$ cat coords_35.tsv   # TSV, C-alpha atoms
chain	number	residue	atom	x	y	z
A	1	MET	CA	102.58	116.02	100.07
A	2	THR	CA	103.21	119.20	102.05
A	3	ALA	CA	106.19	121.50	101.67
A	4	VAL	CA	107.00	121.08	105.38
A	5	ARG	CA	107.00	117.29	105.08
A	6	THR	CA	109.17	117.42	101.97
A	7	HIS	CA	111.64	119.77	103.67
A	8	THR	CA	111.78	117.61	106.80
A	9	HIS	CA	112.47	114.46	104.82
A	10	ALA	CA	115.12	116.14	102.68
A	11	GLN	CA	116.78	117.58	105.77
A	12	ALA	CA	116.83	114.17	107.47
A	13	VAL	CA	118.22	112.41	104.38
A	14	ASP	CA	120.98	114.98	103.94
A	15	ALA	CA	121.89	114.86	107.64
A	16	ALA	CA	121.96	111.05	107.74
A	17	VAL	CA	124.00	110.67	104.57
A	18	ASP	CA	126.48	113.32	105.75
A	19	LEU	CA	126.93	111.66	109.18
A	20	PHE	CA	127.23	108.17	107.69
A	21	THR	CA	129.87	109.44	105.27
A	22	ARG	CA	131.93	111.12	108.01
A	23	GLN	CA	131.41	108.73	110.92
A	24	GLY	CA	130.43	105.48	109.28
A	25	TYR	CA	127.04	103.80	109.21
A	26	GLU	CA	127.52	101.74	112.38
A	27	GLY	CA	129.20	104.61	114.17
A	28	THR	CA	126.25	106.99	113.79
A	29	THR	CA	123.32	106.97	116.23
A	30	VAL	CA	119.70	107.90	115.67
A	31	GLU	CA	120.09	110.68	118.23
A	32	GLU	CA	122.89	112.24	116.19
A	33	ILE	CA	120.80	112.12	113.02
A	34	ALA	CA	117.82	113.66	114.81
A	35	ASP	CA	119.98	116.45	116.23
A	36	ALA	CA	121.57	117.17	112.85
A	37	ALA	CA	118.13	117.20	111.17
A	38	LYS	CA	116.78	119.44	113.97
A	39	VAL	CA	113.98	117.07	114.97
A	40	SER	CA	113.28	115.29	118.25
A	41	ARG	CA	114.00	111.60	118.72
A	42	ALA	CA	110.24	110.95	119.01
A	43	THR	CA	109.59	112.79	115.74
A	44	PHE	CA	112.37	110.85	114.06
A	45	PHE	CA	110.89	107.48	114.99
A	46	ARG	CA	107.40	108.64	114.06
A	47	ARG	CA	108.58	109.41	110.53
A	48	PHE	CA	111.44	106.95	110.07
A	49	ARG	CA	111.53	103.50	111.60
A	50	SER	CA	115.28	102.97	111.28
A	51	LYS	CA	118.57	104.35	110.00
A	52	GLU	CA	118.01	102.43	106.79
A	53	ASP	CA	114.65	104.07	106.24
A	54	VAL	CA	115.96	107.60	106.66
A	55	VAL	CA	118.57	107.07	103.94
A	56	PHE	CA	115.75	106.41	101.45
A	57	ALA	CA	113.17	108.75	102.99
A	58	ASP	CA	113.05	110.94	99.88
A	59	HIS	CA	112.09	107.88	97.86
A	60	GLU	CA	109.05	107.32	100.07
A	61	LEU	CA	107.79	110.73	98.97
A	62	LEU	CA	108.90	110.15	95.39
A	63	LEU	CA	107.03	106.85	95.22
A	64	GLU	CA	103.91	108.65	96.43
A	65	GLU	CA	104.37	111.18	93.61
A	66	VAL	CA	104.72	108.36	91.09
A	67	VAL	CA	101.52	106.68	92.31
A	68	VAL	CA	99.60	109.97	92.20
A	69	MET	CA	100.92	110.76	88.71
A	70	LEU	CA	99.89	107.37	87.37
A	71	ALA	CA	96.55	107.41	89.19
A	72	ALA	CA	95.55	110.53	87.25
A	73	THR	CA	95.34	108.42	84.07
A	74	ARG	CA	93.84	105.23	85.49
A	75	PRO	CA	90.37	104.18	84.26
A	76	ASP	CA	88.87	104.76	87.72
A	77	ALA	CA	89.71	108.45	87.33
A	78	ARG	CA	86.76	108.56	84.93
A	79	ALA	CA	84.43	108.08	87.89
A	80	SER	CA	85.76	111.28	89.42
A	81	GLU	CA	85.01	113.11	86.19
A	82	GLU	CA	81.45	111.84	86.12
A	83	ALA	CA	81.02	112.86	89.75
A	84	GLY	CA	82.20	116.36	88.93
A	85	HIS	CA	85.52	116.12	90.80
A	86	ASP	CA	88.90	117.21	89.51
A	87	LEU	CA	87.72	117.57	85.91
A	88	GLY	CA	91.08	118.86	84.74
A	89	ARG	CA	92.79	115.57	85.58
A	90	ALA	CA	90.16	113.17	84.30
A	91	TRP	CA	91.35	110.05	82.50
A	92	ASP	CA	92.07	110.40	78.81
A	93	PRO	CA	91.00	107.22	76.95
A	94	ASP	CA	93.74	107.90	74.40
A	95	VAL	CA	96.50	107.87	77.04
A	96	ASP	CA	99.51	105.67	76.34
A	97	PRO	CA	100.11	103.65	79.54
A	98	TYR	CA	103.60	102.67	78.40
A	99	LEU	CA	104.49	106.32	77.94
A	100	GLU	CA	103.08	107.22	81.37
A	101	VAL	CA	105.21	104.56	83.08
A	102	CYS	CA	108.31	105.84	81.29
A	103	ARG	CA	107.39	109.37	82.27
A	104	ALA	CA	107.18	108.33	85.93
A	105	ALA	CA	110.53	106.54	85.75
A	106	ARG	CA	112.03	109.63	84.13
A	107	MET	CA	110.87	111.69	87.11
A	108	VAL	CA	112.75	109.33	89.43
A	109	PHE	CA	115.89	109.68	87.31
A	110	ASP	CA	115.59	113.47	87.33
A	111	HIS	CA	115.23	113.41	91.11
A	112	HIS	CA	118.57	111.62	91.46
A	113	VAL	CA	120.31	113.99	89.08
A	114	GLY	CA	118.71	117.03	90.71
A	115	GLN	CA	119.92	115.91	94.16
A	116	ARG	CA	123.43	115.32	92.87
A	117	GLU	CA	125.46	115.50	96.11
A	118	THR	CA	123.02	113.39	98.10
A	119	SER	CA	122.71	110.84	95.31
A	120	LEU	CA	126.47	110.46	94.93
A	121	ALA	CA	127.05	110.21	98.68
A	122	ARG	CA	124.26	107.65	99.04
A	123	TYR	CA	125.68	105.61	96.16
A	124	ALA	CA	129.07	105.53	97.92
A	125	LEU	CA	127.37	104.35	101.12
A	126	LEU	CA	125.59	101.57	99.26
A	127	GLN	CA	128.94	100.17	98.21
A	128	GLN	CA	130.01	99.96	101.86
A	129	VAL	CA	126.86	98.88	103.74
A	130	PRO	CA	125.15	95.61	102.68
A	131	ALA	CA	121.99	96.48	104.66
A	132	LEU	CA	121.52	99.59	102.53
A	133	ARG	CA	121.91	97.60	99.32
A	134	ASP	CA	119.16	95.27	100.51
A	135	ARG	CA	116.97	98.27	101.31
A	136	GLU	CA	117.60	99.64	97.82
A	137	LEU	CA	116.35	96.38	96.30
A	138	ILE	CA	113.14	96.69	98.29
A	139	THR	CA	112.67	100.27	97.06
A	140	THR	CA	113.29	99.20	93.47
A	141	HIS	CA	110.72	96.43	93.78
A	142	ARG	CA	108.10	98.89	95.04
A	143	TYR	CA	108.50	101.06	91.93
A	144	GLU	CA	108.25	97.98	89.75
A	145	ARG	CA	105.11	96.82	91.54
A	146	ALA	CA	103.47	100.26	91.18
A	147	PHE	CA	104.20	100.23	87.44
A	148	THR	CA	102.85	96.68	87.05
A	149	HIS	CA	99.58	97.41	88.84
A	150	TYR	CA	99.07	100.54	86.76
A	151	LEU	CA	99.64	98.70	83.47
A	152	ARG	CA	97.24	95.91	84.41
A	153	ASP	CA	94.52	98.49	85.01
A	154	THR	CA	95.08	100.72	82.00
A	155	LEU	CA	96.29	98.62	79.07
A	156	PRO	CA	93.77	97.26	76.54
A	157	PRO	CA	92.59	93.72	77.38
A	158	GLU	CA	94.81	92.12	74.75
A	159	ARG	CA	97.91	93.66	76.33
A	160	SER	CA	97.07	93.78	80.03
A	161	THR	CA	98.11	90.23	80.90
A	162	SER	CA	100.11	89.85	84.07
A	163	THR	CA	103.14	88.57	82.16
A	164	ALA	CA	103.19	91.49	79.71
A	165	SER	CA	102.70	94.07	82.46
A	166	ILE	CA	105.38	92.57	84.68
A	167	ALA	CA	107.81	92.31	81.77
A	168	PHE	CA	107.43	95.94	80.72
A	169	ALA	CA	107.57	97.28	84.29
A	170	ALA	CA	110.68	95.23	85.04
A	171	SER	CA	112.32	96.36	81.80
A	172	VAL	CA	111.70	100.04	82.53
A	173	VAL	CA	113.13	99.72	86.05
A	174	ALA	CA	116.14	97.72	84.82
A	175	VAL	CA	116.96	100.25	82.08
A	176	HIS	CA	116.48	103.16	84.47
A	177	ASN	CA	118.77	101.59	87.08
A	178	ALA	CA	121.47	100.68	84.55
A	179	ILE	CA	121.66	104.20	83.12
A	180	LEU	CA	121.41	105.77	86.58
A	181	ARG	CA	124.35	103.69	87.81
A	182	ARG	CA	126.38	104.88	84.85
A	183	TRP	CA	125.57	108.47	85.79
A	184	LEU	CA	126.45	107.83	89.45
A	185	ARG	CA	129.85	106.51	88.38
A	186	THR	CA	130.40	109.39	85.94
A	187	PRO	CA	128.11	112.27	86.96
A	188	SER	CA	129.58	114.60	84.33
A	189	LEU	CA	127.72	112.65	81.63
A	190	ASP	CA	124.35	113.80	80.33
A	191	LEU	CA	122.53	110.49	79.98
A	192	ARG	CA	118.98	111.84	79.74
A	193	PRO	CA	118.88	111.49	75.90
A	194	GLU	CA	120.08	107.90	76.17
A	195	LEU	CA	117.41	107.19	78.77
A	196	GLU	CA	114.72	108.64	76.49
A	197	GLU	CA	115.92	106.56	73.56
A	198	ALA	CA	116.01	103.38	75.65
A	199	PHE	CA	112.48	103.99	76.92
A	200	ALA	CA	111.29	104.59	73.34
A	201	ASP	CA	112.81	101.24	72.33
A	202	LEU	CA	110.97	99.49	75.17
A	203	ARG	CA	107.68	101.11	74.19
A	204	ARG	CA	108.18	100.19	70.55
A	205	ALA	CA	108.94	96.57	71.44
A	206	ALA	CA	105.90	96.37	73.73
A	207	VAL	CA	103.53	97.82	71.14
A	208	LEU	CA	104.87	95.99	68.11
A	209	GLY	CA	105.14	92.76	70.05
A	210	SER	CA	101.37	92.56	70.34
A	211	SER	CA	100.23	94.65	67.39
A	212	SER	CA	101.32	95.92	64.03
A	213	SER	CA	100.31	99.45	65.04
A	214	PRO	CA	103.11	102.05	65.11
A	215	LEU	CA	103.94	104.11	68.18
A	216	PRO	CA	102.07	107.41	68.53
A	217	GLY	CA	103.72	109.96	66.27
A	218	GLU	CA	105.43	107.39	64.05
A	219	PRO	CA	104.37	106.92	60.41
A	220	ALA	CA	102.16	103.94	59.66
A	221	PRO	CA	103.99	101.07	57.94
A	222	VAL	CA	103.35	100.71	54.21
A	223	ALA	CA	100.81	97.95	53.59
A	224	ARG	CA	102.15	94.99	51.63
A	225	ARG	CA	100.19	93.06	49.08
A	226	VAL	CA	100.80	89.49	47.95
A	227	VAL	CA	100.00	88.89	44.27
A	228	VAL	CA	99.84	85.44	42.68
A	229	THR	CA	99.72	85.06	38.91
A	230	VAL	CA	100.24	82.09	36.62
A	231	VAL	CA	102.21	82.36	33.37
A	232	ASP	CA	103.63	79.91	30.92
A	233	GLY	CA	107.09	78.65	31.79
A	234	LYS	CA	108.40	79.95	28.48
A	235	ALA	CA	106.97	83.45	29.00
A	236	GLY	CA	109.42	86.30	28.57
A	237	PRO	CA	109.98	89.24	30.96
A	238	ASP	CA	107.44	91.42	29.17
A	239	GLU	CA	104.73	88.79	29.44
A	240	VAL	CA	105.47	88.22	33.16
A	241	ALA	CA	105.37	91.97	33.83
A	242	ARG	CA	102.07	92.27	31.93
A	243	ALA	CA	100.53	89.39	33.90
A	244	VAL	CA	101.55	90.94	37.24
A	245	ARG	CA	100.28	94.35	36.15
A	246	ASP	CA	96.95	92.85	35.12
A	247	ALA	CA	96.63	91.07	38.49
A	248	LEU	CA	97.20	94.34	40.34
A	249	VAL	CA	94.40	96.13	38.50
$ encode --input "coords_35.tsv" --output "structure tokens"
Amino acid sequence: MTAVRTHTHAQAVDAAVDLFTRQGYEGTTVEEIADAAKVSRATFFRRFRSKEDVVFADHELLLEEVVVMLAATRPDARASEEAGHDLGRAWDPDVDPYLEVCRAARMVFDHHVGQRETSLARYALLQQVPALRDRELITTHRYERAFTHYLRDTLPPERSTSTASIAFAASVVAVHNAILRRWLRTPSLDLRPELEEAFADLRRAAVLGSSSSPLPGEPAPVARRVVVTVVDGKAGPDEVARAVRDALV
């Protein structure tokens, strides 16, 4: 994405949200948004199809960033490496797809927090305009779909079932949205640590749900051994202990 395109989208989003806040959603025209964003009406409609779209224009660019970020670790990136293209971003076979999805969701969260005024104003608008809430649901679903497709392509065969991929993607989006809404209601809170912890819990559940392997960086669980020994019913504690010790040798 180009710097000019990013600036234009940000300018349009800020202008639209400001006008909607001051004049109301229905009371604001496309012409007024275009004028405030310093673009022509033709340019506005070339980049944004409607007033709803301009409110979430930054998310169009953000979704593109998410897709690009995830694509860098997809298996098909290996073909680029073999062809001699973009060697520095070739797929790492040891990549943790669950971690990459959480990393992408974290970037979305950081975007909201970094654009504090716009995020808070947009949240207030969503409470007032049903059409914008519907548009938000569509945007949320697009993130979830991008995560699901990525997981299907990158998880090991035993974990890449549609159900498992959909479940993890939906869980990440749901946790992200729940914590983001808390921040939007109380923006003075630093909820990033809580988000990280929640994502770690989701990853742990996904990994341990299909394998006994620990998460990367966590100590391996201590192996347990089942020992069966037969002793006389009248055997004392010392004899039982000796029998168990002998079985362990």
$ closest_residue --input "coords_35.tsv" --among "A:Gln11, A:Thr140, A:Ser50, A:Gln127" --to "Val30 in chain A" --atoms "only C-alpha atoms"
A:Ser50
$ closest_atom_pairs --input "coords_35.tsv" --of "range 85-138 of chain A" --to "range 144-159 of chain A" --cutoff "8 Å" --atoms "only C-alpha atoms" --output "Markdown table"
| residue | atom | partner | partner_atom | distance |
| --- | --- | --- | --- | --- |
| A:Pro97 | CA | A:Thr154 | CA | 6.3 |
| A:Tyr98 | CA | A:Leu151 | CA | 7.6 |
| A:Val101 | CA | A:Phe147 | CA | 6.2 |
$ atom_distance --input "coords_35.tsv" --atom1 "CA of Val95 in chain A" --atom2 "CA of Ala167 in chain A"
19.8 Å
$ residues_around --input "coords_35.tsv" --residues "Lys51 in chain A" --least-positions-apart "4" --cutoff "10 Å" --atoms "all atoms listed in the file" --output "PyMOL selection string"
chain A and resi 13+16-17+20+25-26+28-30+33+44-45+55-57+132
$ closest_atom_pairs --input "coords_35.tsv" --of "range 99-153 of chain A" --to "range 190-204 of chain A" --cutoff "8 Å" --atoms "all atoms listed in the file" --output "CSV"
residue,atom,partner,partner_atom,distance
A:Leu99,CA,A:Arg203,CA,7.2
A:Cys102,CA,A:Phe199,CA,6.3
A:Arg106,CA,A:Leu195,CA,8.0
$ closest_residue --input "coords_35.tsv" --among "A:Thr186, A:Ala164, A:Gln128, A:Val108" --to "Gly24 in chain A" --atoms "only C-alpha atoms"
A:Gln128
$ residues_around --input "coords_35.tsv" --residues "Leu63 in chain A" --least-positions-apart "6" --cutoff "10 Å" --atoms "all atoms listed in the file" --output "number ranges by chain"
A: 69, 104, 108, 139, 142-143, 146
